[in-house]
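Coordinates as given in structure_15.cif (mmCIF, C-alpha atoms and all ligand atoms):
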```cif
data_work
#
loop_
_atom_site.label_atom_id
_atom_site.label_comp_id
_atom_site.auth_asym_id
_atom_site.auth_seq_id
_atom_site.Cartn_x
_atom_site.Cartn_y
_atom_site.Cartn_z
CA MET A 127 42.80 153.58 -21.31
CA VAL A 128 40.88 151.58 -18.70
CA ALA A 129 42.85 148.69 -17.16
CA ALA A 130 41.49 145.30 -18.20
CA LEU A 131 39.28 143.77 -15.51
CA SER A 132 39.46 140.15 -14.48
CA PRO A 133 36.38 138.11 -15.50
CA ASP A 134 35.27 138.05 -11.83
CA ALA A 135 35.63 141.81 -11.42
CA LEU A 136 33.83 142.36 -14.70
CA GLU A 137 30.97 140.12 -13.64
CA ALA A 138 30.74 141.91 -10.28
CA LEU A 139 30.60 145.24 -12.08
CA LEU A 140 27.82 144.06 -14.39
CA VAL A 141 25.85 142.70 -11.41
CA PHE A 142 26.28 146.08 -9.70
CA TYR A 143 24.99 147.88 -12.81
CA ARG A 144 22.03 145.51 -13.14
CA ASP A 145 21.08 145.91 -9.47
CA ALA A 146 21.29 149.67 -9.86
CA GLY A 147 18.77 149.44 -12.72
CA ILE A 148 21.32 150.08 -15.48
CA ASP A 149 20.37 147.60 -18.17
CA CYS A 150 21.22 149.30 -21.41
CA ALA A 151 24.14 151.22 -22.88
CA VAL A 152 23.44 154.62 -24.37
CA GLY A 153 26.81 155.04 -26.06
CA ASP A 154 30.32 153.66 -26.31
CA ILE A 155 32.02 156.71 -24.84
CA ALA A 156 31.26 158.15 -21.40
CA VAL A 157 30.05 161.76 -21.57
CA ASP A 158 30.81 164.24 -18.79
CA ARG A 159 27.43 165.97 -18.48
CA PHE A 160 28.78 168.44 -15.92
CA ALA A 161 31.38 169.70 -18.39
CA GLU A 162 28.63 170.25 -20.95
CA SER A 163 27.34 173.29 -19.14
CA ASP A 164 30.55 175.05 -20.28
CA VAL A 165 29.86 174.22 -23.93
CA GLN A 166 29.01 177.25 -26.06
CA PRO A 167 25.45 177.17 -27.33
CA VAL A 168 25.16 176.27 -31.00
CA ARG A 169 22.56 176.90 -33.60
CA ARG A 170 20.39 173.98 -34.71
CA SER A 171 19.21 175.45 -37.94
CA ALA A 172 17.76 172.20 -39.30
CA ASP A 173 15.38 171.85 -36.39
CA GLN A 174 12.52 173.97 -35.30
CA VAL A 175 11.85 175.12 -31.85
CA SER A 176 8.79 175.47 -29.70
CA ALA A 177 7.76 179.11 -29.56
CA ALA A 178 7.35 179.23 -25.80
CA SER A 179 10.32 177.21 -24.76
CA GLY A 180 13.26 176.57 -27.00
CA VAL A 181 12.75 172.79 -26.87
CA VAL A 182 13.58 171.19 -30.17
CA ILE A 183 10.74 169.36 -31.89
CA ARG A 184 12.36 167.81 -34.93
CA GLY A 185 10.83 168.28 -38.32
CA GLN A 186 7.43 169.54 -37.15
CA GLU A 187 5.73 171.78 -39.66
CA GLY A 188 4.17 174.89 -38.26
CA VAL A 189 5.72 174.75 -34.82
CA GLY A 190 8.21 177.50 -35.47
CA SER A 191 7.50 180.82 -37.13
CA PRO A 192 9.57 182.54 -39.81
CA GLN A 193 10.06 185.64 -37.62
CA ARG A 194 11.33 183.68 -34.66
CA PRO A 195 15.09 183.49 -34.02
CA ALA A 196 16.68 180.14 -34.80
CA ALA A 197 16.95 177.47 -32.10
CA ILE A 198 19.72 177.90 -29.58
CA THR A 199 20.43 174.85 -27.44
CA ALA A 200 23.58 173.43 -25.91
CA VAL A 201 24.77 170.30 -27.70
CA GLY A 202 23.42 167.18 -26.02
CA ALA A 203 22.09 169.08 -23.02
CA PRO A 204 18.55 168.18 -22.01
CA PRO A 205 16.17 171.16 -22.03
CA ALA A 206 15.20 172.79 -18.77
CA PRO A 207 12.13 171.07 -17.29
CA GLU A 208 9.92 174.17 -17.52
CA ALA A 209 10.89 174.59 -21.16
CA ALA A 210 10.18 170.93 -21.86
CA LEU A 211 6.82 171.14 -20.11
CA SER A 212 5.71 174.18 -22.03
CA ALA A 213 6.88 172.64 -25.30
CA ALA A 214 4.93 169.47 -24.49
CA ARG A 215 1.80 171.49 -23.76
CA GLU A 216 2.15 173.48 -26.92
CA ALA A 217 2.84 170.43 -29.10
CA ALA A 218 0.03 168.35 -27.58
CA SER A 219 -2.57 171.06 -27.96
CA SER A 220 -1.60 171.56 -31.60
CA ALA A 221 -2.39 167.92 -32.50
CA GLN A 222 -5.70 167.67 -34.31
CA ASP A 223 -5.86 163.88 -34.42
CA LEU A 224 -4.09 160.83 -33.02
CA ASP A 225 -1.76 160.45 -36.00
CA ALA A 226 -0.57 164.03 -35.56
CA LEU A 227 -0.14 163.47 -31.84
CA LEU A 228 1.88 160.30 -32.48
CA ARG A 229 4.21 162.20 -34.81
CA LEU A 230 4.63 164.96 -32.23
CA VAL A 231 5.40 162.51 -29.43
CA GLU A 232 7.90 160.67 -31.62
CA SER A 233 9.70 163.88 -32.48
CA PHE A 234 9.63 165.38 -28.97
CA ASP A 235 13.05 165.64 -27.34
CA GLY A 236 12.07 167.18 -24.02
CA CYS A 237 11.95 163.99 -21.95
CA ALA A 238 15.27 162.33 -21.15
CA LEU A 239 13.63 158.87 -21.08
CA LYS A 240 13.44 158.94 -24.85
CA ALA A 241 17.23 158.76 -25.10
CA THR A 242 17.42 155.37 -23.38
CA ALA A 243 14.24 153.82 -24.80
CA SER A 244 14.38 151.84 -28.04
CA ARG A 245 10.97 152.98 -29.22
CA THR A 246 8.10 155.30 -28.53
CA VAL A 247 5.25 153.20 -27.15
CA PHE A 248 2.12 155.13 -28.04
CA GLU A 249 -0.92 152.90 -28.35
CA ASP A 250 -2.46 149.53 -29.00
CA GLY A 251 -5.98 148.28 -29.50
CA THR A 252 -8.52 150.27 -31.44
CA ARG A 253 -8.82 154.01 -31.72
CA GLY A 254 -12.35 155.18 -30.96
CA ALA A 255 -13.09 152.11 -28.81
CA PRO A 256 -15.54 152.77 -25.94
CA ILE A 257 -13.00 151.92 -23.25
CA MET A 258 -9.46 153.23 -22.80
CA PHE A 259 -6.96 151.62 -20.41
CA VAL A 260 -3.96 153.70 -19.30
CA GLY A 261 -0.95 152.20 -17.52
CA GLU A 262 2.19 153.79 -16.15
CA ALA A 263 5.06 153.24 -18.57
CA PRO A 264 6.32 150.57 -20.96
CA GLY A 265 8.42 147.68 -19.72
CA ARG A 266 11.07 145.72 -21.58
CA GLU A 267 8.79 143.80 -23.96
CA GLU A 268 6.76 146.90 -24.73
CA ASP A 269 9.96 148.82 -25.47
CA LEU A 270 11.09 146.12 -27.88
CA GLU A 271 7.75 145.78 -29.62
CA GLY A 272 6.62 149.42 -29.53
CA LYS A 273 3.17 148.57 -28.10
CA PRO A 274 1.78 148.92 -24.58
CA PHE A 275 0.96 145.89 -22.45
CA VAL A 276 2.40 143.11 -24.58
CA GLY A 277 4.49 141.44 -21.87
CA ARG A 278 3.29 139.23 -19.01
CA SER A 279 1.14 141.92 -17.45
CA GLY A 280 -0.37 142.64 -20.86
CA GLN A 281 -1.26 138.97 -21.26
CA LEU A 282 -3.02 139.08 -17.91
CA LEU A 283 -4.81 142.27 -18.97
CA ASP A 284 -6.02 140.43 -22.09
CA ARG A 285 -7.38 137.61 -19.92
CA MET A 286 -9.11 140.08 -17.60
CA MET A 287 -10.68 141.86 -20.56
CA GLY A 288 -11.69 138.49 -21.99
CA ALA A 289 -13.47 137.66 -18.74
CA ILE A 290 -15.91 140.52 -19.40
CA GLY A 291 -16.20 139.89 -23.11
CA LEU A 292 -13.65 142.44 -24.29
CA ASP A 293 -10.58 142.17 -26.43
CA ARG A 294 -8.19 144.65 -28.01
CA SER A 295 -10.52 145.22 -30.93
CA GLY A 296 -12.95 146.80 -28.45
CA ALA A 297 -10.43 148.65 -26.28
CA TYR A 298 -7.77 151.32 -26.67
CA ILE A 299 -4.58 151.09 -24.58
CA ALA A 300 -1.85 153.61 -23.72
CA ASN A 301 0.50 154.67 -20.93
CA VAL A 302 1.09 157.90 -19.04
CA ILE A 303 4.73 157.75 -20.19
CA PRO A 304 5.47 156.62 -23.76
CA TRP A 305 9.12 155.68 -23.15
CA ARG A 306 10.48 152.87 -21.00
CA PRO A 307 12.35 154.14 -17.93
CA PRO A 308 15.76 152.41 -17.81
CA GLY A 309 15.67 149.26 -15.72
CA ASN A 310 11.91 149.78 -15.26
CA ARG A 311 12.58 152.36 -12.58
CA THR A 312 9.71 154.53 -11.40
CA PRO A 313 9.37 157.63 -13.58
CA THR A 314 10.27 160.85 -11.77
CA PRO A 315 7.54 163.44 -11.03
CA GLN A 316 9.27 165.69 -13.56
CA GLU A 317 9.13 163.04 -16.31
CA ILE A 318 5.47 162.44 -15.54
CA ALA A 319 4.70 166.16 -15.63
CA ILE A 320 6.42 166.54 -19.01
CA CYS A 321 4.51 163.62 -20.53
CA LEU A 322 1.14 164.53 -19.02
CA PRO A 323 0.02 166.93 -21.79
CA PHE A 324 0.51 164.14 -24.36
CA ILE A 325 -1.54 161.47 -22.59
CA THR A 326 -4.21 164.02 -21.71
CA ARG A 327 -4.52 165.01 -25.36
CA GLN A 328 -4.46 161.34 -26.38
CA ILE A 329 -7.46 160.66 -24.14
CA GLU A 330 -9.22 163.75 -25.47
CA LEU A 331 -8.68 162.71 -29.09
CA ALA A 332 -9.50 159.03 -28.49
CA GLN A 333 -12.84 160.03 -26.91
CA PRO A 334 -13.47 156.87 -24.87
CA LYS A 335 -16.78 156.44 -23.06
CA LEU A 336 -14.91 155.05 -20.06
CA LEU A 337 -11.35 155.61 -18.84
CA VAL A 338 -9.65 152.93 -16.72
CA CYS A 339 -6.39 153.72 -14.93
CA LEU A 340 -4.26 150.64 -14.34
CA GLY A 341 -2.46 151.07 -11.04
CA SER A 342 -1.76 153.87 -8.64
CA PRO A 343 0.63 156.03 -10.70
CA ALA A 344 -1.86 156.35 -13.58
CA MET A 345 -4.68 156.97 -11.09
CA GLN A 346 -2.79 159.69 -9.22
CA THR A 347 -1.55 161.34 -12.39
CA LEU A 348 -4.79 161.36 -14.36
CA LEU A 349 -7.52 161.36 -11.72
CA GLY A 350 -5.63 163.29 -9.05
CA ILE A 351 -6.69 160.73 -6.43
CA LYS A 352 -4.23 160.67 -3.54
CA ASP A 353 -5.83 157.77 -1.62
CA GLY A 354 -4.10 154.42 -1.88
CA ILE A 355 -5.15 152.26 -4.80
CA MET A 356 -6.69 149.67 -2.46
CA ARG A 357 -9.09 152.30 -1.13
CA ALA A 358 -9.72 154.15 -4.37
CA ARG A 359 -10.01 151.28 -6.85
CA GLY A 360 -13.42 150.69 -8.35
CA ARG A 361 -14.66 154.18 -7.42
CA VAL A 362 -16.29 155.82 -10.43
CA VAL A 363 -15.28 159.47 -10.81
CA THR A 364 -15.55 162.07 -13.53
CA TYR A 365 -12.50 162.81 -15.67
CA ARG A 366 -12.66 166.20 -17.35
CA VAL A 367 -10.69 166.74 -20.52
CA GLY A 368 -11.30 169.72 -22.79
CA ALA A 369 -15.07 170.14 -22.93
CA ARG A 370 -15.76 166.49 -22.19
CA GLU A 371 -16.56 164.59 -19.03
CA ILE A 372 -15.73 160.90 -19.02
CA PRO A 373 -16.55 158.38 -16.30
CA ALA A 374 -13.30 156.96 -14.98
CA LEU A 375 -12.08 154.46 -12.45
CA ALA A 376 -8.85 152.91 -11.29
CA THR A 377 -8.16 149.24 -10.83
CA LEU A 378 -5.17 147.20 -9.76
CA HIS A 379 -2.25 147.03 -12.16
CA PRO A 380 -1.88 143.58 -13.78
CA ALA A 381 1.80 143.51 -12.75
CA TYR A 382 0.66 143.82 -9.12
CA LEU A 383 -1.86 141.02 -9.67
CA LEU A 384 0.92 138.79 -10.98
CA ARG A 385 2.78 139.37 -7.72
CA SER A 386 -0.34 139.21 -5.51
CA PRO A 387 -2.84 136.86 -7.17
CA ILE A 388 -5.06 137.04 -4.08
CA ALA A 389 -5.98 140.61 -5.11
CA LYS A 390 -7.56 139.34 -8.34
CA ARG A 391 -10.91 139.12 -6.55
CA GLN A 392 -10.90 142.93 -6.10
CA ALA A 393 -9.86 143.45 -9.70
CA TRP A 394 -12.69 141.15 -10.77
CA ARG A 395 -15.19 143.39 -8.97
CA ASP A 396 -13.76 146.41 -10.80
CA PHE A 397 -14.06 144.62 -14.11
CA LEU A 398 -17.72 143.85 -13.38
CA THR A 399 -18.21 147.58 -12.74
CA ILE A 400 -16.51 148.26 -16.08
CA ARG A 401 -18.81 145.78 -17.82
CA SER A 402 -21.91 147.36 -16.35
CA ILE A 403 -20.84 150.92 -17.30
CA LEU A 404 -20.21 149.77 -20.87
CA ASP A 405 -23.59 148.03 -20.93
CA ASP A 406 -25.29 151.18 -19.63
CA HIS A 407 -23.73 153.10 -22.50
CA GLY A 408 -24.96 150.48 -24.91
CA THR A 409 -21.36 149.95 -25.96
CA GLY A 410 -20.12 146.42 -25.93
CA GLY A 411 -17.05 145.23 -27.67
CA THR A 412 -18.57 141.97 -26.46
CA LYS A 413 -17.73 138.59 -27.81
CA ARG A 414 -20.60 136.93 -25.96
N1 LIG B 501 3.16 148.21 -17.38
C1 LIG B 501 2.59 149.37 -17.78
O1 LIG B 501 2.19 150.20 -16.95
N2 LIG B 501 2.48 149.58 -19.08
C2 LIG B 501 2.89 148.72 -20.00
O2 LIG B 501 2.74 148.99 -21.19
C3 LIG B 501 3.46 147.51 -19.56
C4 LIG B 501 3.58 147.28 -18.24
#
```
Could you spell out this file's structure in structure tokens?
Ligand code: URA
Amino acid sequence: MVAALSPDALEALLVFYRDAGIDCAVGDIAVDRFAESDVQPVRRSADQVSAASGVVIRGQEGVGSPQRPAAITAVGAPPAPEAALSAAREAASSAQDLDALLRLVESFDGCALKATASRTVFEDGTRGAPIMFVGEAPGREEDLEGKPFVGRSGQLLDRMMGAIGLDRSGAYIANVIPWRPPGNRTPTPQEIAICLPFITRQIELAQPKLLVCLGSPAMQTLLGIKDGIMRARGRVVTYRVGAREIPALATLHPAYLLRSPIAKRQAWRDFLTIRSILDDHGTGGTKR
């Protein structure tokens, strides 16, 4: 039994949690994760398991094979990162279209962020649109609504698209990470690595004519550019996915522009570059 806290102590504790980025409860009872390593492995007969890894992908047809031994995982323990990564690769490459990929992402249990997120945030806009925007990870509003870029930064993105004659009917939008990190913390390199096969396959299946990374994390992850965003933004590079080559560029993240409106002039230049690439491809999505 925990001793009752005074209202002041309780408030101080909540402020401490909030400042530490803890803004949601995952359960009513605290779990000792260290003690879990002593738990005997159990069989999860109802679930199937990725051939290469042992990561559980719930209810996916064709992922397991009848000859394979049943899944063995410790109760509640997250899978080892290498196992999660190889399961993500295997699942992503098996998706033949975006609906299949969505189902695989929704049933993937290899990324711990899923446990604290309310929803999987997979896509918005229009599949098959000539331009695809990719951000970092959902925020609070996106997590509640299940769609990328619907909060304040999404509203700014809409206005920026509008300025070059685009709207969501002519654009496809996703994130590198489909689950909101608790408290909007930066995703870890491991979480990014585990989610990378999914976003890569999503780009491959969406087949945009132009890929736009919103902000430095998406740029570094997808385009492998290590320069700072201020140097690298607006630079058109080639993104290779499967057998395809797609022109790609990075621009400033709308959340950064909300904090630093002075930088909108650089973003505007990038959006003019975007407009001219789309015009060169004869693809518009224009409202003009
Ligand atoms: N920031 C992102 O990177 N993605 C979203 O969906 C929302 C905010």
Distance limit 10 Å, reference ligand LIG 501 (chain B), atoms considered: only C-alpha atoms and all ligand atoms. Which residues make the cut? Give them as a PyMOL selection string.
chain A and resi 247-250+259-269+272-281+283+299-306+310+339-344+379-382
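Closest approach to Tyr143 (chain A) among A:Leu349, A:Ile329, A:Pro323, A:Pro308 is made by A:Pro308 (distances from all atoms listed in the file).
With all atoms listed in the file taken into account, the protein and nucleic acid residues at most 9 Å from Thr326 (chain A) (excluding it and anything under 2 positions from it in its own chain) are Ala218, Val302, Cys321, Leu322, Pro323, Phe324, Gln328, Ile329, Glu330, Leu331, Leu348 and Val367 of chain A.
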Which residue out of A:Gln346, A:Ser244, A:Asp134, A:Ile257 has the minimum interatomic distance to Ala319 (chain A) when only C-alpha atoms are used?
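Among A:Gln346, A:Ser244, A:Asp134, A:Ile257, it is A:Gln346 that comes nearest to Ala319 (chain A).
Non-sequential neighbours of Phe397 (chain A) (distance at most 8 Å, separation of 3 or more positions within a chain, only C-alpha atoms) are Met286, Met287, Ile290, Ala393, Trp394, Ile400 and Arg401 of chain A.
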Option closest in space to Tyr365 (chain A), from A:Arg385, A:Arg391, A:Lys335, A:Lys352 [counting all atoms listed in the file]
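Nearest to Tyr365 (chain A): A:Lys335.
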Point-to-point distance from CA of Val141 (chain A) to CA of Lys240 (chain A), Å rounded to tenths:
24.5 Å
Distance of CA of Glu216 (chain A) from CA of Pro256 (chain A), expressed in Å to one decimal place
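If I compute the distance from CA of Pro256 (chain A) to CA of Glu216 (chain A), I get 27.3 Å.
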Expected axis-aligned box over every listed atom of region 133-141 of chain A, 6 Å added per side, centre plus edges in Å to one decimal, as lines of an AutoDock Vina configuration file:
```
center_x = 31.1
center_y = 141.6
center_z = -12.9
size_x = 22.5
size_y = 19.2
size_z = 17.2
```
Let me make sure I understand: among A:Pro133, A:Gly408, A:Pro307, A:Gly354, which one has the smallest atom-to-atom distance to Leu239 (chain A) if we use only C-alpha atoms?
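Counting only C-alpha atoms, the residue closest to Leu239 (chain A) is A:Pro307.
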Rebuild region 214-225 of chain A so that it carries all heavy atoms, then output the result as a PDB file, in the frame of the given file.
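Contents of the output file selection.pdb:
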```pdb
ATOM      1  N   ALA A 214       5.854 170.614 -24.427  1.00  0.00           N
ATOM      2  CA  ALA A 214       4.930 169.470 -24.490  1.00  0.00           C
ATOM      3  C   ALA A 214       3.492 169.963 -24.563  1.00  0.00           C
ATOM      4  O   ALA A 214       2.694 169.468 -25.363  1.00  0.00           O
ATOM      5  CB  ALA A 214       5.134 168.572 -23.275  1.00  0.00           C
ATOM      6  N   ARG A 215       3.170 170.957 -23.752  1.00  0.00           N
ATOM      7  CA  ARG A 215       1.800 171.490 -23.760  1.00  0.00           C
ATOM      8  C   ARG A 215       1.453 172.058 -25.131  1.00  0.00           C
ATOM      9  O   ARG A 215       0.393 171.796 -25.677  1.00  0.00           O
ATOM     10  CB  ARG A 215       1.670 172.625 -22.728  1.00  0.00           C
ATOM     11  CG  ARG A 215       1.627 172.116 -21.317  1.00  0.00           C
ATOM     12  CD  ARG A 215       0.991 173.197 -20.426  1.00  0.00           C
ATOM     13  NE  ARG A 215       1.110 172.816 -19.046  1.00  0.00           N
ATOM     14  CZ  ARG A 215       1.871 173.430 -18.146  1.00  0.00           C
ATOM     15  NH1 ARG A 215       2.555 174.512 -18.473  1.00  0.00           N
ATOM     16  NH2 ARG A 215       1.913 173.005 -16.901  1.00  0.00           N
ATOM     17  N   GLU A 216       2.396 172.819 -25.646  1.00  0.00           N
ATOM     18  CA  GLU A 216       2.150 173.480 -26.920  1.00  0.00           C
ATOM     19  C   GLU A 216       1.994 172.447 -28.052  1.00  0.00           C
ATOM     20  O   GLU A 216       1.079 172.528 -28.874  1.00  0.00           O
ATOM     21  CB  GLU A 216       3.335 174.396 -27.224  1.00  0.00           C
ATOM     22  CG  GLU A 216       3.092 175.329 -28.367  1.00  0.00           C
ATOM     23  CD  GLU A 216       4.315 176.202 -28.616  1.00  0.00           C
ATOM     24  OE1 GLU A 216       5.065 176.472 -27.650  1.00  0.00           O
ATOM     25  OE2 GLU A 216       4.521 176.567 -29.777  1.00  0.00           O
ATOM     26  N   ALA A 217       2.895 171.454 -28.048  1.00  0.00           N
ATOM     27  CA  ALA A 217       2.840 170.430 -29.100  1.00  0.00           C
ATOM     28  C   ALA A 217       1.545 169.627 -28.978  1.00  0.00           C
ATOM     29  O   ALA A 217       0.833 169.425 -29.969  1.00  0.00           O
ATOM     30  CB  ALA A 217       4.046 169.502 -28.980  1.00  0.00           C
ATOM     31  N   ALA A 218       1.215 169.200 -27.762  1.00  0.00           N
ATOM     32  CA  ALA A 218       0.030 168.350 -27.580  1.00  0.00           C
ATOM     33  C   ALA A 218      -1.225 169.092 -28.013  1.00  0.00           C
ATOM     34  O   ALA A 218      -2.087 168.536 -28.710  1.00  0.00           O
ATOM     35  CB  ALA A 218      -0.074 167.906 -26.127  1.00  0.00           C
ATOM     36  N   SER A 219      -1.333 170.360 -27.633  1.00  0.00           N
ATOM     37  CA  SER A 219      -2.570 171.060 -27.960  1.00  0.00           C
ATOM     38  C   SER A 219      -2.678 171.344 -29.456  1.00  0.00           C
ATOM     39  O   SER A 219      -3.759 171.585 -29.980  1.00  0.00           O
ATOM     40  CB  SER A 219      -2.714 172.357 -27.139  1.00  0.00           C
ATOM     41  OG  SER A 219      -1.681 173.216 -27.497  1.00  0.00           O
ATOM     42  N   SER A 220      -1.530 171.294 -30.154  1.00  0.00           N
ATOM     43  CA  SER A 220      -1.600 171.560 -31.600  1.00  0.00           C
ATOM     44  C   SER A 220      -2.049 170.327 -32.389  1.00  0.00           C
ATOM     45  O   SER A 220      -2.388 170.425 -33.559  1.00  0.00           O
ATOM     46  CB  SER A 220      -0.227 172.024 -32.107  1.00  0.00           C
ATOM     47  OG  SER A 220       0.658 170.918 -32.168  1.00  0.00           O
ATOM     48  N   ALA A 221      -2.047 169.152 -31.756  1.00  0.00           N
ATOM     49  CA  ALA A 221      -2.390 167.920 -32.500  1.00  0.00           C
ATOM     50  C   ALA A 221      -3.896 167.853 -32.731  1.00  0.00           C
ATOM     51  O   ALA A 221      -4.678 167.926 -31.782  1.00  0.00           O
ATOM     52  CB  ALA A 221      -1.932 166.699 -31.717  1.00  0.00           C
ATOM     53  N   GLN A 222      -4.266 167.701 -33.971  1.00  0.00           N
ATOM     54  CA  GLN A 222      -5.700 167.670 -34.310  1.00  0.00           C
ATOM     55  C   GLN A 222      -6.256 166.257 -34.367  1.00  0.00           C
ATOM     56  O   GLN A 222      -7.460 166.062 -34.383  1.00  0.00           O
ATOM     57  CB  GLN A 222      -5.953 168.386 -35.649  1.00  0.00           C
ATOM     58  CG  GLN A 222      -5.651 169.881 -35.609  1.00  0.00           C
ATOM     59  CD  GLN A 222      -6.381 170.583 -34.467  1.00  0.00           C
ATOM     60  OE1 GLN A 222      -7.597 170.490 -34.336  1.00  0.00           O
ATOM     61  NE2 GLN A 222      -5.626 171.274 -33.608  1.00  0.00           N
ATOM     62  N   ASP A 223      -5.382 165.274 -34.446  1.00  0.00           N
ATOM     63  CA  ASP A 223      -5.860 163.880 -34.420  1.00  0.00           C
ATOM     64  C   ASP A 223      -4.742 163.000 -33.854  1.00  0.00           C
ATOM     65  O   ASP A 223      -3.629 163.474 -33.589  1.00  0.00           O
ATOM     66  CB  ASP A 223      -6.327 163.409 -35.803  1.00  0.00           C
ATOM     67  CG  ASP A 223      -5.249 163.537 -36.860  1.00  0.00           C
ATOM     68  OD1 ASP A 223      -4.066 163.332 -36.517  1.00  0.00           O
ATOM     69  OD2 ASP A 223      -5.569 163.848 -38.016  1.00  0.00           O
ATOM     70  N   LEU A 224      -5.049 161.724 -33.687  1.00  0.00           N
ATOM     71  CA  LEU A 224      -4.090 160.830 -33.020  1.00  0.00           C
ATOM     72  C   LEU A 224      -2.833 160.593 -33.854  1.00  0.00           C
ATOM     73  O   LEU A 224      -1.744 160.435 -33.305  1.00  0.00           O
ATOM     74  CB  LEU A 224      -4.772 159.506 -32.660  1.00  0.00           C
ATOM     75  CG  LEU A 224      -5.764 159.612 -31.492  1.00  0.00           C
ATOM     76  CD1 LEU A 224      -6.671 158.385 -31.413  1.00  0.00           C
ATOM     77  CD2 LEU A 224      -5.032 159.797 -30.166  1.00  0.00           C
ATOM     78  N   ASP A 225      -2.968 160.602 -35.168  1.00  0.00           N
ATOM     79  CA  ASP A 225      -1.760 160.450 -36.000  1.00  0.00           C
ATOM     80  C   ASP A 225      -0.819 161.629 -35.799  1.00  0.00           C
ATOM     81  O   ASP A 225       0.397 161.459 -35.689  1.00  0.00           O
ATOM     82  CB  ASP A 225      -2.130 160.344 -37.485  1.00  0.00           C
ATOM     83  CG  ASP A 225      -2.608 158.948 -37.840  1.00  0.00           C
ATOM     84  OD1 ASP A 225      -2.192 157.989 -37.151  1.00  0.00           O
ATOM     85  OD2 ASP A 225      -3.413 158.816 -38.779  1.00  0.00           O
TER      86      ASP A 225
END
```
